[in-house]
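Beneath this line is the structure, given in structure tokens, with notes to follow.
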Amino acid sequence: MQTKGEIHTLARGEVAAAWALEVAGYPAEEAASLETLEYRQREAGELFLGNFINGKLIGFICGTRSVVDHLTARSIEVHEPTGTTVCIHSLCVDPVQRRHGIALRLLRHLVETVPRAHPTVRRICLISHQHLLPLYTKAGFTVLGPSSVTYGPDPWYECAIDLS
Ligand SMILES: CC(C)(COP(=O)(O)OP(=O)(O)OC[C@H]1O[C@@H](n2cnc3c(N)ncnc32)[C@H](O)[C@@H]1OP(=O)(O)O)[C@@H](O)C(=O)NCCC(=O)NCCS
């Protein structure tokens with residue numbers, strides 16, 4: 001069986017590889033810019049995790065902290081280091097590596113490590129299109145309902161895990 005590789009935070013020089021996956025994975029109107037990913041790695045690098053196989057990035061997840069308890073347009077732009085909510089903004093897997101559990105692995109890793117590393121965080125949230133909601137419920141998230149965020153043509157649903 002092929003190894004699923006290692007999960008660790010990205011170094012600054014690895015962000016361009018994440019951006020290449022972002023551009024390949026998301027529609028143009030939803031993809032984050034290279035500058036946005038560089039900002040997230042610089043300001044919230046502990047929340048920018050990659051899955052590497054033999055040193056090659058095959059998937060990543062990244063987020064920021066927010067002082068409000070749900071994902072907002074502001075949280076997409078700004079990392080608030082004292083925020084008690086982690087907002088996940090990108091989750092992306094190399095097209096040739098999909099449906100092997102890599103996204104689920106990255107989500108579970110983040111959900112397991114955040115409470116230990118960041119005890120003041122109370123909630124992890126994200127927004128998803130409807131067809132991917134099973135990915136997040138499998139990782140333990142609850143679907144809260146439609147999100148207030150509107151970008152791109154399709155509606156978003158808010159998902160969250162409350163940490164005790
Ligand atoms: C969405 C994405 C991250 C999933 O990555 P992945 O590594 O293939 O996902 P996993 O193999 O961990 O999938 C776990 C479960 O999630 C669900 N799932 C994953 N991809 C799905 C898809 N395209 N459609 C419907 N359900 C999906 C399934 O229930 C799957 O379990 P199964 O394979 O046993 O049926 C990947 O397709 C991707 O990078 N897409 C482009 C970017 C994107 O849309 N990101 C999500 C933004 S909300």
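Ordering of the structure tokens sets the chain letters (A, B, ...); residue numbers start at 1 within each chain; ligands are numbered from 1 in the order shown.
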
Within 8 Å of Leu21 in chain A using only C-alpha atoms, minus same-chain residues under 4 positions, as a PyMOL selection string: chain A and resi 17+25+58-59+92-94

Deliver the residues from the most recent selection as a file, using N, CA and C atoms, as a tab-separated table (two decimals), in the first residue's frame.
```tsv
chain	number	residue	atom	x	y	z
A	17	ALA	N	4.27	26.11	-4.07
A	17	ALA	CA	3.76	24.78	-4.44
A	17	ALA	C	2.30	24.64	-3.98
A	25	GLY	N	-6.99	23.50	-8.16
A	25	GLY	CA	-8.13	22.90	-7.47
A	25	GLY	C	-9.38	23.74	-7.45
A	58	ILE	N	1.54	17.26	-1.69
A	58	ILE	CA	0.42	16.69	-2.45
A	58	ILE	C	-0.93	17.16	-1.91
A	59	GLY	N	-0.90	17.94	-0.83
A	59	GLY	CA	-2.14	18.50	-0.32
A	59	GLY	C	-1.83	19.45	0.81
A	92	CYS	N	-6.88	21.55	-0.10
A	92	CYS	CA	-6.67	21.25	-1.51
A	92	CYS	C	-5.73	20.06	-1.66
A	93	VAL	N	-6.08	19.17	-2.55
A	93	VAL	CA	-5.28	17.96	-2.78
A	93	VAL	C	-4.97	17.86	-4.27
A	94	ASP	N	-3.76	17.47	-4.57
A	94	ASP	CA	-3.32	17.24	-5.95
A	94	ASP	C	-4.34	16.34	-6.67
```

Given 8 Å and only C-alpha atoms and all ligand atoms, residues near ligand 1 as a PyMOL selection string: chain A and resi 21-22+24-26+59+89-95+97-105+126-129+131-136+138

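Distances from A:His79, A:His8, A:Arg74, A:Arg40 to Lys56 in chain A were compared using only C-alpha atoms, and the smallest one belongs to A:His8.
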
Backbone-only DSSP, alpha helix (DSSP H) members of range 1-85 of chain A, as a PyMOL selection string: chain A and resi 15-25+34-43+73-77

Pick from A:Gln41, A:Thr82, A:Thr64, A:Ser33 nearest to Ala11 in chain A, counting only C-alpha atoms: A:Gln41

Considering only C-alpha atoms, return as a PDB file with N, CA and C atoms, in the first residue's frame whatever protein or nucleic-acid residues lie within 10 Å of Cys62 in chain A, sequence-local ones (same chain, fewer than 4 positions apart) excluded.
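Listed below is the output, result_16.pdb:
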```
ATOM      1  N   THR A   9       4.132  21.621   8.950  1.00  0.00           N
ATOM      2  CA  THR A   9       3.884  23.003   8.516  1.00  0.00           C
ATOM      3  C   THR A   9       4.750  23.326   7.299  1.00  0.00           C
ATOM      4  N   LEU A  10       4.285  24.278   6.517  1.00  0.00           N
ATOM      5  CA  LEU A  10       5.033  24.674   5.319  1.00  0.00           C
ATOM      6  C   LEU A  10       6.081  25.716   5.659  1.00  0.00           C
ATOM      7  N   ALA A  18       1.994  25.222  -2.813  1.00  0.00           N
ATOM      8  CA  ALA A  18       0.601  25.196  -2.342  1.00  0.00           C
ATOM      9  C   ALA A  18      -0.286  26.018  -3.276  1.00  0.00           C
ATOM     10  N   LEU A  37      -1.845  33.521   0.265  1.00  0.00           N
ATOM     11  CA  LEU A  37      -1.265  32.323   0.893  1.00  0.00           C
ATOM     12  C   LEU A  37       0.036  32.677   1.610  1.00  0.00           C
ATOM     13  N   ARG A  40      -0.905  34.206   4.906  1.00  0.00           N
ATOM     14  CA  ARG A  40      -1.358  33.203   5.893  1.00  0.00           C
ATOM     15  C   ARG A  40      -0.173  32.401   6.437  1.00  0.00           C
ATOM     16  N   GLN A  41       0.777  32.058   5.566  1.00  0.00           N
ATOM     17  CA  GLN A  41       1.936  31.299   6.049  1.00  0.00           C
ATOM     18  C   GLN A  41       2.785  32.162   6.984  1.00  0.00           C
ATOM     19  N   ALA A  44       0.192  33.118  10.196  1.00  0.00           N
ATOM     20  CA  ALA A  44      -0.466  32.001  10.900  1.00  0.00           C
ATOM     21  C   ALA A  44       0.136  30.683  10.424  1.00  0.00           C
ATOM     22  N   GLY A  45       1.460  30.636  10.383  1.00  0.00           N
ATOM     23  CA  GLY A  45       2.158  29.484   9.813  1.00  0.00           C
ATOM     24  C   GLY A  45       1.854  28.176  10.520  1.00  0.00           C
ATOM     25  N   GLU A  46       1.509  28.254  11.814  1.00  0.00           N
ATOM     26  CA  GLU A  46       1.208  27.025  12.564  1.00  0.00           C
ATOM     27  C   GLU A  46      -0.103  26.394  12.086  1.00  0.00           C
ATOM     28  N   LEU A  47      -0.910  27.170  11.338  1.00  0.00           N
ATOM     29  CA  LEU A  47      -2.179  26.654  10.811  1.00  0.00           C
ATOM     30  C   LEU A  47      -2.083  26.363   9.313  1.00  0.00           C
ATOM     31  N   PHE A  48      -0.869  26.293   8.800  1.00  0.00           N
ATOM     32  CA  PHE A  48      -0.652  26.031   7.366  1.00  0.00           C
ATOM     33  C   PHE A  48       0.100  24.709   7.266  1.00  0.00           C
ATOM     34  N   LEU A  49      -0.646  23.631   7.033  1.00  0.00           N
ATOM     35  CA  LEU A  49      -0.077  22.279   7.067  1.00  0.00           C
ATOM     36  C   LEU A  49      -0.079  21.658   5.675  1.00  0.00           C
ATOM     37  N   GLY A  50       0.995  20.930   5.385  1.00  0.00           N
ATOM     38  CA  GLY A  50       1.070  20.231   4.109  1.00  0.00           C
ATOM     39  C   GLY A  50       1.218  18.738   4.316  1.00  0.00           C
ATOM     40  N   VAL A  86     -10.604  29.233  14.959  1.00  0.00           N
ATOM     41  CA  VAL A  86      -9.756  28.978  13.790  1.00  0.00           C
ATOM     42  C   VAL A  86     -10.678  28.818  12.587  1.00  0.00           C
ATOM     43  N   CYS A  87     -10.435  29.628  11.552  1.00  0.00           N
ATOM     44  CA  CYS A  87     -11.213  29.533  10.310  1.00  0.00           C
ATOM     45  C   CYS A  87     -10.338  28.878   9.243  1.00  0.00           C
ATOM     46  N   ILE A  88     -10.795  27.755   8.713  1.00  0.00           N
ATOM     47  CA  ILE A  88     -10.059  27.074   7.645  1.00  0.00           C
ATOM     48  C   ILE A  88     -10.495  27.692   6.317  1.00  0.00           C
ATOM     49  N   HIS A  89      -9.512  28.091   5.508  1.00  0.00           N
ATOM     50  CA  HIS A  89      -9.836  28.785   4.252  1.00  0.00           C
ATOM     51  C   HIS A  89      -9.552  27.951   3.013  1.00  0.00           C
ATOM     52  N   SER A  90      -8.501  27.150   3.041  1.00  0.00           N
ATOM     53  CA  SER A  90      -8.184  26.319   1.871  1.00  0.00           C
ATOM     54  C   SER A  90      -7.927  24.890   2.324  1.00  0.00           C
ATOM     55  N   LEU A  91      -8.432  23.960   1.542  1.00  0.00           N
ATOM     56  CA  LEU A  91      -8.126  22.537   1.708  1.00  0.00           C
ATOM     57  C   LEU A  91      -8.046  22.000   0.292  1.00  0.00           C
ATOM     58  N   CYS A  92      -6.880  21.553  -0.097  1.00  0.00           N
ATOM     59  CA  CYS A  92      -6.674  21.255  -1.509  1.00  0.00           C
ATOM     60  C   CYS A  92      -5.726  20.064  -1.656  1.00  0.00           C
ATOM     61  N   LEU A 106      -5.687  15.481   6.602  1.00  0.00           N
ATOM     62  CA  LEU A 106      -5.269  16.847   6.957  1.00  0.00           C
ATOM     63  C   LEU A 106      -6.265  17.482   7.927  1.00  0.00           C
ATOM     64  N   LEU A 107      -7.550  17.285   7.664  1.00  0.00           N
ATOM     65  CA  LEU A 107      -8.564  17.848   8.571  1.00  0.00           C
ATOM     66  C   LEU A 107      -8.428  17.260   9.971  1.00  0.00           C
ATOM     67  N   LEU A 110      -5.407  18.608  11.833  1.00  0.00           N
ATOM     68  CA  LEU A 110      -5.618  19.961  12.361  1.00  0.00           C
ATOM     69  C   LEU A 110      -6.529  19.926  13.586  1.00  0.00           C
TER      70      LEU A 110
END
```

Per-residue DSSP, chain A, filtered to strand (DSSP E or B), as an NGL selection string: :A and (6-9 or 48-53 or 56-66 or 85-93 or 123-128 or 142-146 or 157-162)

With N, CA and C atoms retained, export the selected residues as a tab-separated table (two decimals), in the first residue's frame.
```
chain	number	residue	atom	x	y	z
A	6	GLU	N	4.00	12.42	5.03
A	6	GLU	CA	4.13	13.14	6.31
A	6	GLU	C	3.32	14.43	6.27
A	7	ILE	N	2.83	14.83	7.45
A	7	ILE	CA	2.16	16.12	7.58
A	7	ILE	C	3.03	17.03	8.43
A	8	HIS	N	3.37	18.21	7.91
A	8	HIS	CA	4.06	19.22	8.71
A	8	HIS	C	3.76	20.61	8.17
A	9	THR	N	4.13	21.62	8.95
A	9	THR	CA	3.88	23.00	8.52
A	9	THR	C	4.75	23.33	7.30
A	48	PHE	N	-0.87	26.29	8.80
A	48	PHE	CA	-0.65	26.03	7.37
A	48	PHE	C	0.10	24.71	7.27
A	49	LEU	N	-0.65	23.63	7.03
A	49	LEU	CA	-0.08	22.28	7.07
A	49	LEU	C	-0.08	21.66	5.67
A	50	GLY	N	1.00	20.93	5.38
A	50	GLY	CA	1.07	20.23	4.11
A	50	GLY	C	1.22	18.74	4.32
A	51	ASN	N	0.69	17.97	3.36
A	51	ASN	CA	0.93	16.52	3.31
A	51	ASN	C	1.96	16.29	2.21
A	52	PHE	N	3.11	15.77	2.61
A	52	PHE	CA	4.23	15.58	1.69
A	52	PHE	C	4.48	14.09	1.48
A	53	ILE	N	4.73	13.71	0.22
A	53	ILE	CA	5.20	12.36	-0.08
A	53	ILE	C	6.55	12.49	-0.75
A	56	LYS	N	7.44	15.95	-1.73
A	56	LYS	CA	6.57	16.68	-2.66
A	56	LYS	C	5.23	16.99	-1.98
A	57	LEU	N	4.82	18.25	-2.09
A	57	LEU	CA	3.54	18.65	-1.50
A	57	LEU	C	2.40	18.08	-2.33
A	58	ILE	N	1.54	17.26	-1.69
A	58	ILE	CA	0.42	16.69	-2.45
A	58	ILE	C	-0.93	17.16	-1.91
A	59	GLY	N	-0.90	17.94	-0.83
A	59	GLY	CA	-2.14	18.50	-0.32
A	59	GLY	C	-1.83	19.45	0.81
A	60	PHE	N	-2.72	20.41	1.04
A	60	PHE	CA	-2.49	21.33	2.16
A	60	PHE	C	-3.80	21.83	2.71
A	61	ILE	N	-3.70	22.35	3.93
A	61	ILE	CA	-4.83	22.99	4.60
A	61	ILE	C	-4.28	24.24	5.26
A	62	CYS	N	-5.03	25.34	5.20
A	62	CYS	CA	-4.54	26.53	5.90
A	62	CYS	C	-5.70	27.34	6.45
A	63	GLY	N	-5.39	28.12	7.48
A	63	GLY	CA	-6.43	28.91	8.13
A	63	GLY	C	-5.84	30.09	8.87
A	64	THR	N	-6.75	30.83	9.50
A	64	THR	CA	-6.36	31.98	10.32
A	64	THR	C	-7.22	31.95	11.58
A	65	ARG	N	-6.87	32.82	12.53
A	65	ARG	CA	-7.69	32.95	13.73
A	65	ARG	C	-8.58	34.18	13.62
A	66	SER	N	-9.76	34.08	14.24
A	66	SER	CA	-10.74	35.18	14.17
A	66	SER	C	-11.31	35.43	15.55
A	85	THR	N	-11.38	31.53	17.49
A	85	THR	CA	-11.91	30.65	16.43
A	85	THR	C	-10.84	30.48	15.35
A	86	VAL	N	-10.60	29.23	14.96
A	86	VAL	CA	-9.76	28.98	13.79
A	86	VAL	C	-10.68	28.82	12.59
A	87	CYS	N	-10.44	29.63	11.55
A	87	CYS	CA	-11.21	29.53	10.31
A	87	CYS	C	-10.34	28.88	9.24
A	88	ILE	N	-10.79	27.76	8.71
A	88	ILE	CA	-10.06	27.07	7.65
A	88	ILE	C	-10.50	27.69	6.32
A	89	HIS	N	-9.51	28.09	5.51
A	89	HIS	CA	-9.84	28.79	4.25
A	89	HIS	C	-9.55	27.95	3.01
A	90	SER	N	-8.50	27.15	3.04
A	90	SER	CA	-8.18	26.32	1.87
A	90	SER	C	-7.93	24.89	2.32
A	91	LEU	N	-8.43	23.96	1.54
A	91	LEU	CA	-8.13	22.54	1.71
A	91	LEU	C	-8.05	22.00	0.29
A	92	CYS	N	-6.88	21.55	-0.10
A	92	CYS	CA	-6.67	21.25	-1.51
A	92	CYS	C	-5.73	20.06	-1.66
A	93	VAL	N	-6.08	19.17	-2.55
A	93	VAL	CA	-5.28	17.96	-2.78
A	93	VAL	C	-4.97	17.86	-4.27
A	123	ARG	N	-13.19	27.04	18.86
A	123	ARG	CA	-13.99	26.53	17.74
A	123	ARG	C	-13.12	26.48	16.49
A	124	ILE	N	-13.37	25.47	15.64
A	124	ILE	CA	-12.77	25.43	14.30
A	124	ILE	C	-13.93	25.46	13.32
A	125	CYS	N	-13.88	26.38	12.35
A	125	CYS	CA	-14.99	26.46	11.41
A	125	CYS	C	-14.49	26.60	9.98
A	126	LEU	N	-15.38	26.39	9.06
A	126	LEU	CA	-15.06	26.51	7.63
A	126	LEU	C	-16.37	26.66	6.89
A	127	ILE	N	-16.26	27.02	5.60
A	127	ILE	CA	-17.45	27.01	4.74
A	127	ILE	C	-17.20	26.04	3.59
A	128	SER	N	-18.31	25.44	3.13
A	128	SER	CA	-18.21	24.39	2.11
A	128	SER	C	-19.40	24.49	1.16
A	142	THR	N	-19.96	19.72	12.34
A	142	THR	CA	-21.42	19.81	12.27
A	142	THR	C	-21.78	20.88	11.24
A	143	VAL	N	-22.77	20.59	10.42
A	143	VAL	CA	-23.24	21.59	9.44
A	143	VAL	C	-24.21	22.52	10.16
A	144	LEU	N	-23.87	23.83	10.21
A	144	LEU	CA	-24.68	24.78	10.96
A	144	LEU	C	-25.76	25.44	10.10
A	145	GLY	N	-25.57	25.41	8.76
A	145	GLY	CA	-26.55	26.03	7.89
A	145	GLY	C	-25.88	26.95	6.90
A	146	PRO	N	-26.68	27.72	6.14
A	146	PRO	CA	-26.10	28.61	5.12
A	146	PRO	C	-25.16	29.63	5.74
A	157	TYR	N	-22.03	26.73	2.92
A	157	TYR	CA	-22.60	26.26	4.18
A	157	TYR	C	-21.52	26.30	5.25
A	158	GLU	N	-21.94	26.75	6.43
A	158	GLU	CA	-20.99	26.88	7.54
A	158	GLU	C	-20.92	25.55	8.30
A	159	CYS	N	-19.70	25.11	8.61
A	159	CYS	CA	-19.46	23.89	9.39
A	159	CYS	C	-18.55	24.24	10.56
A	160	ALA	N	-18.73	23.57	11.69
A	160	ALA	CA	-17.89	23.90	12.85
A	160	ALA	C	-17.71	22.70	13.76
A	161	ILE	N	-16.60	22.75	14.51
A	161	ILE	CA	-16.37	21.83	15.63
A	161	ILE	C	-16.14	22.70	16.85
A	162	ASP	N	-16.92	22.49	17.91
A	162	ASP	CA	-16.68	23.20	19.16
A	162	ASP	C	-15.73	22.38	20.02
```

Test item: residues at most 8 Å from range 119-122 of chain A, only C-alpha atoms, excluding those fewer than 3 positions along its chain, as JSON, numbers by chain: {"A": [83, 84, 85, 86, 114, 115, 116, 162, 163, 164]}
